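Trainee: Below is the structure I would like to discuss, written out as structure tokens.
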Amino acid sequence: MMKTCPLCNTEMPERYNYCYQCGEYVGQTAPVLPGAGDPEAEQRYRQQEWVIHYGCLTLIILWTVFGLWFFFNMNR
């Protein structure tokens with residue numbers, strides 16, 4: 001879900017209370033939904049969030065594992 005700043009029209013996540021672009025308070029503004037009530041669009045949006053979250057987690061784990069492997073093999 002996204003909010004729009006009433007001052008600069010920047011879109012930001014619903015959890016933000018202040019605009020990260022201009023600093024305006026946006027705590028009480030109405031969220032802008034992707035697809036506006038379309039269940040198929042909401043499903044795609046949730047699936048995209050899931051892919052992004054788990055993709056980032058996978059990259060962090062791989063970066064840590066290969067970083068540690070490289071570090072310990074370089075010191076031999």
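Residue numbering restarts at 1 in every chain; chains get A, B, ... in the order shown in the structure tokens, and ligands count up from 1 in that same order.
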Taking 2 positions as the minimum chain separation for residues in the same chain, which residues sit within 10 Å of A:Glu11 when counting only C-alpha atoms? Answer as number ranges by chain.
Mentor: A: 1-6, 8-9, 13-14, 19-21, 31-32
Trainee: To one decimal place, how far is atom CA of A:Val65 from atom CA of A:Gln47 in Å?
Mentor: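 Atom-to-atom, atom CA of A:Val65 and atom CA of A:Gln47 are spaced 26.8 Å apart.
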Trainee: Quote the spacing between atom CA of A:Gln43 and atom CA of A:Tyr18 in Å to one decimal place.
Mentor: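 It comes out at 27.6 Å.
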Trainee: Step one, run DSSP on the backbone; step two, keep only residues of chain A assigned to helix (DSSP H, G or I); then write them as an mmCIF file with N, CA and C atoms, in the first residue's frame.
Mentor:
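This is the output file selection_27.cif:
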data_model
loop_
_atom_site.group_PDB
_atom_site.id
_atom_site.type_symbol
_atom_site.label_atom_id
_atom_site.label_comp_id
_atom_site.auth_asym_id
_atom_site.auth_seq_id
_atom_site.Cartn_x
_atom_site.Cartn_y
_atom_site.Cartn_z
ATOM 1 N N PRO A 39 -8.816 -7.863 -6.910
ATOM 2 C CA PRO A 39 -8.152 -8.938 -6.156
ATOM 3 C C PRO A 39 -6.960 -9.546 -6.885
ATOM 4 N N GLU A 40 -7.032 -9.600 -8.212
ATOM 5 C CA GLU A 40 -5.917 -10.163 -8.977
ATOM 6 C C GLU A 40 -4.682 -9.258 -8.885
ATOM 7 N N ALA A 41 -4.883 -7.946 -8.914
ATOM 8 C CA ALA A 41 -3.772 -7.000 -8.793
ATOM 9 C C ALA A 41 -3.163 -7.062 -7.395
ATOM 10 N N GLU A 42 -4.014 -7.198 -6.379
ATOM 11 C CA GLU A 42 -3.508 -7.317 -5.008
ATOM 12 C C GLU A 42 -2.700 -8.598 -4.840
ATOM 13 N N GLN A 43 -3.141 -9.687 -5.463
ATOM 14 C CA GLN A 43 -2.410 -10.963 -5.414
ATOM 15 C C GLN A 43 -1.032 -10.807 -6.051
ATOM 16 N N ARG A 44 -0.980 -10.149 -7.226
ATOM 17 C CA ARG A 44 0.307 -9.923 -7.902
ATOM 18 C C ARG A 44 1.215 -9.059 -7.043
ATOM 19 N N TYR A 45 0.642 -8.031 -6.415
ATOM 20 C CA TYR A 45 1.424 -7.138 -5.564
ATOM 21 C C TYR A 45 2.027 -7.896 -4.385
ATOM 22 N N ARG A 46 1.240 -8.742 -3.745
ATOM 23 C CA ARG A 46 1.747 -9.537 -2.616
ATOM 24 C C ARG A 46 2.816 -10.523 -3.074
ATOM 25 N N GLN A 47 2.619 -11.103 -4.257
ATOM 26 C CA GLN A 47 3.609 -12.036 -4.788
ATOM 27 C C GLN A 47 4.917 -11.314 -5.101
ATOM 28 N N GLN A 48 4.828 -10.112 -5.649
ATOM 29 C CA GLN A 48 6.030 -9.331 -5.933
ATOM 30 C C GLN A 48 6.761 -8.981 -4.638
ATOM 31 N N GLU A 49 6.012 -8.613 -3.592
ATOM 32 C CA GLU A 49 6.640 -8.334 -2.301
ATOM 33 C C GLU A 49 7.358 -9.561 -1.782
ATOM 34 N N TRP A 50 6.731 -10.730 -1.887
ATOM 35 C CA TRP A 50 7.322 -11.974 -1.408
ATOM 36 C C TRP A 50 8.621 -12.262 -2.161
ATOM 37 N N VAL A 51 8.609 -12.105 -3.482
ATOM 38 C CA VAL A 51 9.800 -12.368 -4.295
ATOM 39 C C VAL A 51 10.925 -11.408 -3.906
ATOM 40 N N ILE A 52 10.603 -10.139 -3.710
ATOM 41 C CA ILE A 52 11.626 -9.153 -3.350
ATOM 42 C C ILE A 52 12.216 -9.460 -1.982
ATOM 43 N N HIS A 53 11.372 -9.736 -0.993
ATOM 44 C CA HIS A 53 11.869 -10.003 0.360
ATOM 45 C C HIS A 53 12.756 -11.247 0.414
ATOM 46 N N TYR A 54 12.275 -12.341 -0.163
ATOM 47 C CA TYR A 54 13.056 -13.569 -0.105
ATOM 48 C C TYR A 54 14.258 -13.530 -1.045
ATOM 49 N N GLY A 55 14.159 -12.780 -2.125
ATOM 50 C CA GLY A 55 15.320 -12.599 -2.994
ATOM 51 C C GLY A 55 16.431 -11.847 -2.278
ATOM 52 N N CYS A 56 16.073 -10.795 -1.556
ATOM 53 C CA CYS A 56 17.071 -10.040 -0.783
ATOM 54 C C CYS A 56 17.670 -10.906 0.313
ATOM 55 N N LEU A 57 16.840 -11.676 0.992
ATOM 56 C CA LEU A 57 17.341 -12.561 2.040
ATOM 57 C C LEU A 57 18.313 -13.585 1.464
ATOM 58 N N THR A 58 17.999 -14.143 0.311
ATOM 59 C CA THR A 58 18.890 -15.104 -0.347
ATOM 60 C C THR A 58 20.220 -14.461 -0.708
ATOM 61 N N LEU A 59 20.186 -13.253 -1.246
ATOM 62 C CA LEU A 59 21.427 -12.560 -1.587
ATOM 63 C C LEU A 59 22.285 -12.270 -0.356
ATOM 64 N N ILE A 60 21.660 -11.890 0.738
ATOM 65 C CA ILE A 60 22.406 -11.619 1.969
ATOM 66 C C ILE A 60 23.067 -12.891 2.479
ATOM 67 N N ILE A 61 22.339 -14.003 2.454
ATOM 68 C CA ILE A 61 22.904 -15.274 2.918
ATOM 69 C C ILE A 61 24.068 -15.700 2.019
ATOM 70 N N LEU A 62 23.892 -15.619 0.696
ATOM 71 C CA LEU A 62 24.970 -15.986 -0.217
ATOM 72 C C LEU A 62 26.187 -15.085 -0.050
ATOM 73 N N TRP A 63 25.961 -13.800 0.114
ATOM 74 C CA TRP A 63 27.056 -12.850 0.304
ATOM 75 C C TRP A 63 27.833 -13.185 1.576
ATOM 76 N N THR A 64 27.115 -13.515 2.648
ATOM 77 C CA THR A 64 27.768 -13.865 3.908
ATOM 78 C C THR A 64 28.562 -15.163 3.775
ATOM 79 N N VAL A 65 27.950 -16.196 3.198
ATOM 80 C CA VAL A 65 28.616 -17.494 3.080
ATOM 81 C C VAL A 65 29.860 -17.393 2.199
ATOM 82 N N PHE A 66 29.735 -16.798 1.021
ATOM 83 C CA PHE A 66 30.886 -16.699 0.128
ATOM 84 C C PHE A 66 31.923 -15.717 0.645
ATOM 85 N N GLY A 67 31.478 -14.688 1.347
ATOM 86 C CA GLY A 67 32.430 -13.754 1.942
ATOM 87 C C GLY A 67 33.278 -14.421 3.010
ATOM 88 N N LEU A 68 32.630 -15.216 3.858
ATOM 89 C CA LEU A 68 33.375 -15.937 4.892
ATOM 90 C C LEU A 68 34.281 -16.994 4.264
ATOM 91 N N TRP A 69 33.779 -17.715 3.266
ATOM 92 C CA TRP A 69 34.599 -18.723 2.603
ATOM 93 C C TRP A 69 35.833 -18.083 1.964
ATOM 94 N N PHE A 70 35.642 -16.978 1.285
ATOM 95 C CA PHE A 70 36.755 -16.286 0.643
ATOM 96 C C PHE A 70 37.748 -15.776 1.686
ATOM 97 N N PHE A 71 37.238 -15.199 2.775
ATOM 98 C CA PHE A 71 38.099 -14.661 3.828
ATOM 99 C C PHE A 71 38.972 -15.757 4.429
ATOM 100 N N PHE A 72 38.375 -16.909 4.771
ATOM 101 C CA PHE A 72 39.146 -17.966 5.411
ATOM 102 C C PHE A 72 40.068 -18.677 4.435
ATOM 103 N N ASN A 73 39.742 -18.731 3.154
ATOM 104 C CA ASN A 73 40.628 -19.374 2.188
ATOM 105 C C ASN A 73 41.763 -18.454 1.754
ATOM 106 N N MET A 74 41.619 -17.176 1.865
ATOM 107 C CA MET A 74 42.683 -16.251 1.504
ATOM 108 C C MET A 74 43.781 -16.226 2.576
#
